[in-house]
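Everything below belongs to my_file_34.txt, which stores compact mmCIF, C-alpha atoms.
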```txt
# COMPACT_ATOMS: atom_id res chain seq x y z
CA MET A 1 21.13 -15.22 19.07
CA THR A 2 17.61 -16.18 20.20
CA LEU A 3 18.12 -14.74 23.69
CA SER A 4 19.58 -11.55 22.23
CA PHE A 5 16.55 -11.19 19.94
CA ILE A 6 14.15 -11.65 22.88
CA HIS A 7 15.97 -8.95 24.85
CA SER A 8 15.91 -6.65 21.83
CA PHE A 9 12.20 -7.27 21.32
CA GLN A 10 11.47 -6.57 24.99
CA SER A 11 13.45 -3.34 24.86
CA GLU A 12 11.71 -2.13 21.70
CA TRP A 13 8.32 -3.15 23.09
CA LEU A 14 8.86 -1.13 26.28
CA LYS A 15 9.87 1.90 24.23
CA SER A 16 6.79 1.59 22.02
CA ARG A 17 4.49 1.20 25.03
CA ARG A 18 5.65 4.58 26.32
CA SER A 19 5.04 6.28 22.98
CA LEU A 20 2.02 7.68 21.16
CA THR A 21 1.89 4.50 19.07
CA SER A 22 0.45 2.43 21.91
CA TRP A 23 -2.53 4.74 22.24
CA LEU A 24 -2.85 4.92 18.46
CA VAL A 25 -3.29 1.13 18.31
CA ILE A 26 -5.87 1.03 21.11
CA ILE A 27 -7.90 4.02 19.95
CA GLY A 28 -7.66 2.93 16.31
CA GLY A 29 -8.84 -0.56 17.13
CA PHE A 30 -11.98 0.55 18.99
CA PHE A 31 -12.84 3.86 17.29
CA ILE A 32 -14.94 2.60 14.36
CA PRO A 33 -16.73 -0.15 16.36
CA LEU A 34 -17.55 2.46 19.01
CA ILE A 35 -19.30 4.59 16.38
CA PHE A 36 -21.46 1.65 15.33
CA PHE A 37 -22.10 0.70 18.97
CA ILE A 38 -23.48 4.19 19.63
CA GLY A 39 -25.48 4.07 16.39
CA ARG A 40 -27.10 0.76 17.34
CA ILE A 41 -28.20 2.26 20.66
CA VAL A 42 -29.51 5.52 19.22
CA TYR A 43 -31.38 3.95 16.28
CA ARG A 44 -33.00 1.06 18.12
CA GLU A 45 -35.79 0.42 15.61
CA LYS A 46 -33.30 -0.08 12.82
CA THR A 47 -31.14 -2.17 15.15
CA ALA A 48 -33.99 -4.63 15.74
CA ALA A 49 -34.31 -5.32 12.01
CA GLU A 50 -30.55 -5.65 11.61
CA SER A 51 -30.31 -8.13 14.49
CA ALA A 52 -32.76 -10.44 12.75
CA SER A 53 -30.68 -10.59 9.57
CA PRO A 54 -29.12 -14.00 8.79
CA GLU A 55 -25.96 -12.13 7.73
CA PHE A 56 -25.87 -9.67 10.60
CA TRP A 57 -22.20 -10.16 11.52
CA GLN A 58 -20.99 -10.04 7.91
CA ASN A 59 -22.92 -6.81 7.32
CA LEU A 60 -21.61 -5.21 10.50
CA ALA A 61 -18.04 -6.25 9.70
CA GLY A 62 -18.40 -4.89 6.17
CA GLN A 63 -19.63 -1.53 7.46
CA CYS A 64 -16.76 -1.30 9.94
CA TRP A 65 -14.17 -2.30 7.37
CA GLN A 66 -15.54 0.25 4.89
CA LEU A 67 -14.44 3.09 7.13
CA MET A 68 -11.23 1.35 8.16
CA ALA A 69 -9.84 -0.25 5.00
CA LEU A 70 -10.03 2.60 2.52
CA PHE A 71 -8.01 5.13 4.47
CA LEU A 72 -7.79 4.78 8.26
CA LEU A 73 -5.97 1.42 8.35
CA PRO A 74 -3.28 2.34 5.77
CA MET A 75 -2.91 5.80 7.32
CA GLY A 76 -2.61 4.33 10.80
CA ILE A 77 0.07 1.89 9.65
CA ILE A 78 2.00 4.69 7.95
CA LEU A 79 1.93 6.78 11.11
CA ALA A 80 2.58 3.97 13.61
CA THR A 81 5.45 2.38 11.66
CA SER A 82 7.14 5.73 11.18
CA LEU A 83 6.75 6.62 14.87
CA ILE A 84 8.17 3.32 16.16
CA THR A 85 11.03 3.19 13.68
CA GLN A 86 12.13 6.75 14.35
CA ILE A 87 12.06 6.69 18.15
CA GLU A 88 15.88 6.75 18.17
CA PHE A 89 16.05 9.61 15.66
CA ARG A 90 13.67 11.73 17.75
CA ASN A 91 15.53 10.97 21.01
CA ASN A 92 18.98 10.98 19.38
CA THR A 93 19.74 7.55 20.88
CA TRP A 94 20.83 5.48 17.88
CA LYS A 95 24.46 5.56 19.05
CA GLN A 96 23.42 4.27 22.46
CA VAL A 97 21.48 1.42 20.85
CA HIS A 98 24.43 0.47 18.66
CA THR A 99 26.80 0.32 21.61
CA THR A 100 24.66 -2.36 23.31
CA PRO A 101 25.85 -6.00 22.99
CA GLN A 102 23.53 -6.89 20.11
CA SER A 103 24.18 -7.18 16.40
CA TYR A 104 22.74 -4.84 13.80
CA SER A 105 20.59 -7.67 12.44
CA VAL A 106 19.07 -8.30 15.89
CA ILE A 107 18.26 -4.59 16.24
CA PHE A 108 16.69 -4.56 12.78
CA TRP A 109 14.51 -7.65 13.29
CA GLY A 110 13.63 -6.78 16.88
CA LYS A 111 12.21 -3.40 15.92
CA LEU A 112 10.35 -4.89 12.95
CA ALA A 113 8.92 -7.65 15.16
CA VAL A 114 7.50 -5.07 17.56
CA ILE A 115 5.77 -3.29 14.67
CA MET A 116 4.27 -6.59 13.52
CA ALA A 117 3.18 -7.43 17.06
CA MET A 118 1.40 -4.08 17.39
CA LEU A 119 -0.29 -4.66 14.03
CA VAL A 120 -1.57 -8.02 15.30
CA GLN A 121 -2.73 -6.29 18.49
CA PHE A 122 -4.68 -3.76 16.41
CA PHE A 123 -6.46 -6.49 14.43
CA ILE A 124 -7.39 -8.34 17.62
CA LEU A 125 -8.79 -5.18 19.23
CA PHE A 126 -10.67 -4.20 16.07
CA ASN A 127 -12.39 -7.59 15.80
CA ILE A 128 -13.21 -7.57 19.52
CA GLY A 129 -14.65 -4.10 19.00
CA ILE A 130 -16.87 -5.32 16.14
CA PHE A 131 -18.18 -8.17 18.31
CA LEU A 132 -18.90 -5.81 21.22
CA ALA A 133 -20.65 -3.34 18.89
CA GLY A 134 -22.97 -6.13 17.77
CA ALA A 135 -23.53 -7.95 21.05
CA LEU A 136 -23.22 -5.39 23.83
CA PRO A 137 -26.30 -3.23 23.01
CA ALA A 138 -28.55 -6.29 23.51
CA LEU A 139 -26.91 -7.06 26.85
CA LEU A 140 -27.29 -3.48 28.09
CA PHE A 141 -30.78 -2.73 26.73
CA PRO A 142 -33.49 -5.42 26.90
CA ALA A 143 -35.43 -3.71 24.08
CA ILE A 144 -32.62 -4.53 21.64
CA ASP A 145 -32.58 -8.13 20.41
CA TYR A 146 -29.37 -10.12 20.45
CA PRO A 147 -28.19 -11.00 16.90
CA GLN A 148 -29.88 -14.21 15.77
CA GLN A 149 -26.97 -15.28 13.58
CA PRO A 150 -24.26 -17.30 15.37
CA PHE A 151 -20.96 -15.48 15.44
CA PRO A 152 -19.00 -16.56 12.31
CA PHE A 153 -15.48 -17.09 13.69
CA ARG A 154 -14.16 -18.46 10.40
CA PHE A 155 -15.42 -15.45 8.44
CA PHE A 156 -13.76 -13.01 10.85
CA TRP A 157 -10.51 -15.01 10.81
CA ASP A 158 -10.34 -15.19 7.01
CA THR A 159 -11.26 -11.52 6.60
CA GLY A 160 -8.77 -10.36 9.20
CA LEU A 161 -6.00 -12.48 7.68
CA ARG A 162 -6.57 -11.03 4.22
CA PHE A 163 -6.44 -7.47 5.52
CA PHE A 164 -3.38 -8.29 7.62
CA ILE A 165 -1.50 -9.61 4.58
CA ALA A 166 -2.67 -6.56 2.61
CA SER A 167 -1.09 -4.36 5.30
CA LEU A 168 2.36 -5.94 5.18
CA PRO A 169 3.70 -4.06 2.11
CA ILE A 170 2.83 -0.76 3.79
CA VAL A 171 4.67 -1.79 6.96
CA ALA A 172 7.68 -2.94 4.97
CA MET A 173 7.91 0.17 2.80
CA GLN A 174 7.41 2.57 5.70
CA TYR A 175 10.04 0.68 7.70
CA LEU A 176 12.47 0.98 4.80
CA ILE A 177 11.96 4.72 4.37
CA SER A 178 11.88 5.49 8.10
CA LEU A 179 15.25 3.83 8.70
CA GLN A 180 16.90 5.90 5.99
CA PHE A 181 15.74 9.42 6.86
CA ARG A 182 15.99 11.39 10.09
CA ASN A 183 13.12 13.71 9.24
CA PHE A 184 9.79 12.18 10.34
CA PHE A 185 7.90 14.00 7.61
CA VAL A 186 9.79 12.18 4.84
CA PRO A 187 8.33 8.71 5.51
CA LEU A 188 5.00 10.28 6.48
CA GLY A 189 4.79 12.31 3.27
CA ALA A 190 5.97 9.39 1.13
CA GLY A 191 3.41 7.08 2.71
CA ILE A 192 0.52 9.51 2.23
CA GLY A 193 1.59 10.13 -1.36
CA LEU A 194 1.75 6.41 -2.16
CA LEU A 195 -1.61 5.82 -0.49
CA LEU A 196 -3.34 8.61 -2.42
CA ALA A 197 -1.77 7.39 -5.65
CA SER A 198 -3.04 3.88 -4.96
CA LEU A 199 -6.57 5.12 -4.24
CA THR A 200 -6.73 7.02 -7.51
CA VAL A 201 -5.84 4.00 -9.68
CA LEU A 202 -8.11 1.34 -8.19
CA GLU A 203 -10.07 1.09 -11.46
CA TRP A 204 -6.88 0.89 -13.54
CA GLU A 205 -6.17 -2.60 -14.89
CA TYR A 206 -2.69 -2.51 -13.34
CA GLY A 207 -3.68 -0.79 -10.12
CA TYR A 208 -2.73 -3.89 -8.14
CA LEU A 209 0.93 -3.14 -8.92
CA LEU A 210 0.83 -0.32 -6.36
CA PRO A 211 1.56 -1.95 -3.00
CA TYR A 212 -0.63 0.40 -0.95
CA SER A 213 -3.80 -0.58 -2.85
CA TYR A 214 -4.43 -4.02 -1.37
CA SER A 215 -6.44 -2.96 1.68
CA PRO A 216 -8.98 -0.97 -0.41
CA TYR A 217 -9.12 -3.80 -2.95
CA ASN A 218 -9.85 -6.31 -0.20
CA PHE A 219 -12.72 -4.18 1.05
CA PHE A 220 -14.36 -4.09 -2.38
CA ILE A 221 -13.93 -7.85 -2.67
CA LEU A 222 -15.47 -8.25 0.80
CA ARG A 223 -18.54 -6.25 -0.27
CA GLY A 224 -18.91 -8.25 -3.48
CA ALA A 225 -17.94 -5.48 -5.90
CA ASP A 226 -17.15 -6.46 -9.47
CA MET A 227 -13.47 -5.55 -9.70
CA LYS A 228 -12.62 -6.35 -13.32
CA ALA A 229 -9.12 -4.97 -12.81
CA LEU A 230 -8.42 -7.88 -10.45
CA ALA A 231 -9.52 -10.69 -12.75
CA GLY A 232 -7.19 -13.63 -12.15
CA THR A 233 -5.03 -11.63 -9.72
CA ASP A 234 -3.98 -13.14 -6.38
CA LEU A 235 -3.53 -10.07 -4.19
CA GLU A 236 -2.07 -12.03 -1.26
CA TRP A 237 0.91 -13.23 -3.30
CA TYR A 238 1.59 -9.73 -4.61
CA ALA A 239 1.38 -8.35 -1.06
CA LEU A 240 3.73 -11.01 0.32
CA GLY A 241 6.13 -10.56 -2.59
CA TYR A 242 6.36 -6.80 -2.13
CA SER A 243 6.79 -7.27 1.64
CA VAL A 244 9.71 -9.65 1.24
CA LEU A 245 11.32 -7.36 -1.37
CA PHE A 246 10.98 -4.19 0.73
CA ILE A 247 12.23 -5.88 3.91
CA ALA A 248 15.20 -7.39 2.08
CA VAL A 249 16.15 -4.01 0.60
CA SER A 250 15.65 -2.34 3.96
CA PHE A 251 17.88 -4.88 5.72
CA VAL A 252 20.68 -4.53 3.17
CA LEU A 253 20.56 -0.71 3.29
CA TYR A 254 20.51 -0.69 7.09
CA ILE A 255 23.46 -3.06 7.44
CA ALA A 256 25.45 -1.25 4.74
CA LYS A 257 24.69 2.25 6.00
CA LYS A 258 27.84 3.81 7.40
CA ASP A 259 26.18 6.48 9.51
CA LYS A 260 23.42 4.68 11.43
CA GLY A 261 22.99 7.39 14.03
```
Structure translated into structure tokens:
Amino acid sequence: MTLSFIHSFQSEWLKSRRSLTSWLVIIGGFFIPLIFFIGRIVYREKTAAESASPEFWQNLAGQCWQLMALFLLPMGIILATSLITQIEFRNNTWKQVHTTPQSYSVIFWGKLAVIMAMLVQFFILFNIGIFLAGALPALLFPAIDYPQQPFPFRFFWDTGLRFFIASLPIVAMQYLISLQFRNFFVPLGAGIGLLLASLTVLEWEYGYLLPYSYSPYNFFILRGADMKALAGTDLEWYALGYSVLFIAVSFVLYIAKKDKG
């Protein structure tokens, strides 16, 4: 079983590396930090004052996450999950996959594991990008001071982990929908609709019940906003609960589906 899963993971990983998703992860991870890197070079006087701040890295991370968390991260997950899941639909190769010597459960978990691995890859690249945006200008241009604050590894780990957990319900729901419909625009449209609905109810006292709202909520918490709608609410547990529920439903529907091709 373990060996079969490894082979399935390797196969799905190779397929994803040849697809648009691979570039989406790389470009998405570095795009926002690149903007701030260019900004720090162009506006050098402002950069000097920022580098002296005792909370330089937290401020830079907050600025990067502002552009990422509210829309780009959820939208990227919606697009990437749908693309990876529907590779077989687009290439009409589901029947070939199901004739290989691997169980349906191995196929299901192997494909999901690749999506999770690419999500982890995105978070690693994004945090590396933030570090380079803060440190590299000082190394390339002597006139720009290196940030005086030591790099806060724990802060970046905790922040990344919260956003990662907040992303899991989106992955799980998009995986569920993408496995059930041949048309790529169905999961894409459903994901965009759920995201927009979540963004419009962030001030609602029960807005946290929408599973696509956790990434924006985490950003506001990161920036110290007073989110009264979240009083006493543990977003991580809601995110994990929705993820388990959606994956369980997705697994049952996939196994029970008569026409898997």
Taking all atoms of stretch 53-70 of chain A that appear in the file, build a box with edges along x, y and z, extend it by 5 Å on every side, and state its centre and edge lengths in Å to one decimal, as lines of an AutoDock Vina configuration file.
```
center_x = -20.3
center_y = -5.5
center_z = 7.0
size_x = 30.8
size_y = 27.1
size_z = 19.0
```
Check the smallest atom-to-atom distance from each of A:Val106, A:Gly224, A:Ser51, A:Met116 to A:Phe251 using only C-alpha atoms, then report the winner. A:Val106
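Here atom CA of A:Leu14 is placed at a distance of 14.9 Å from atom CA of A:Gln121.
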From the list A:Phe123, A:Phe220, A:Tyr175, A:Tyr208, which residue is nearest A:Ser243 when using all atoms listed in the file?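 Nearest candidate to A:Ser243 out of A:Phe123, A:Phe220, A:Tyr175, A:Tyr208: A:Tyr175.
For the atom pair formed by atom CA of A:Ile78 and atom CA of A:Leu125, the distance is 18.5 Å, given to one decimal.
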Rank nothing, just name the residue among A:Trp109, A:Tyr254, A:Phe141, A:Phe36 nearest to A:Asn59, using all atoms listed in the file.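 Counting all atoms listed in the file, the residue closest to A:Asn59 is A:Phe36.
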One number please: atom CA of A:Val252 to atom CA of A:Thr21, in Å, one decimal.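 Atom-to-atom, atom CA of A:Val252 and atom CA of A:Thr21 are spaced 26.2 Å apart.
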Selection near A:Trp65, 10 Å with only C-alpha atoms, sequence-local residues under 3 positions removed, as a PyMOL selection string: chain A and resi 32-33+59-62+68-70+72-73+126+130+159-160+163+215-216+218-220+222-223
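Minimum distance to A:Ile221 across A:Val114, A:Leu176, A:Gln66, A:His7 (counting all atoms listed in the file) occurs at A:Gln66.
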Contact residues around A:Pro101 with only C-alpha atoms at 12 Å, ignoring same-chain residues under 6 positions, as a list in words: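 Contacts, with the query itself left out: Met1, Leu3, Ser4, Phe5, His7, Ser8 and Ile107 of chain A.
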Selection near A:Leu24, 9 Å with all atoms listed in the file, sequence-local residues under 3 positions removed, as an mmCIF file with C-alpha atoms, keeping the file's coordinate frame:
```
data_model
loop_
_atom_site.group_PDB
_atom_site.id
_atom_site.type_symbol
_atom_site.label_atom_id
_atom_site.label_comp_id
_atom_site.auth_asym_id
_atom_site.auth_seq_id
_atom_site.Cartn_x
_atom_site.Cartn_y
_atom_site.Cartn_z
ATOM 1 C CA LEU A 20 2.020 7.680 21.160
ATOM 2 C CA THR A 21 1.890 4.500 19.070
ATOM 3 C CA ILE A 27 -7.900 4.020 19.950
ATOM 4 C CA GLY A 28 -7.660 2.930 16.310
ATOM 5 C CA GLY A 29 -8.840 -0.560 17.130
ATOM 6 C CA GLY A 76 -2.610 4.330 10.800
ATOM 7 C CA LEU A 79 1.930 6.780 11.110
ATOM 8 C CA ALA A 80 2.580 3.970 13.610
#
```
Please list as a ChimeraX atom specification every residue within 9 Å of A:Ser82, counting all atoms listed in the file and excluding residues in the same chain fewer than 2 positions away. /A:77-80,84-87,171,174-175,177-179,184,187-188
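Nearest to A:Leu83 of all the residues A:Phe185, A:Tyr104, A:Phe71, A:Phe155 is A:Phe185, counting only C-alpha atoms.
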Using all atoms listed in the file for the distances, tell me which of A:Glu45, A:Asp145, A:Glu203, A:Glu236 is nearest to A:Leu161.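 So, comparing all the options, the nearest one is A:Glu236.
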What lies within 12 Å of A:Ala49 using only C-alpha atoms, ignoring chain neighbours under 6 positions off, as a PDB file with C-alpha atoms, in the coordinates of the input?
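Writing done, so here's part38.pdb:
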```pdb
ATOM      1  CA  ARG A  40     -27.100   0.760  17.340  1.00  0.00           C
ATOM      2  CA  TYR A  43     -31.380   3.950  16.280  1.00  0.00           C
ATOM      3  CA  GLU A  55     -25.960 -12.130   7.730  1.00  0.00           C
ATOM      4  CA  PHE A  56     -25.870  -9.670  10.600  1.00  0.00           C
ATOM      5  CA  ILE A 144     -32.620  -4.530  21.640  1.00  0.00           C
ATOM      6  CA  ASP A 145     -32.580  -8.130  20.410  1.00  0.00           C
ATOM      7  CA  TYR A 146     -29.370 -10.120  20.450  1.00  0.00           C
ATOM      8  CA  PRO A 147     -28.190 -11.000  16.900  1.00  0.00           C
ATOM      9  CA  GLN A 148     -29.880 -14.210  15.770  1.00  0.00           C
TER      10      GLN A 148
END
```
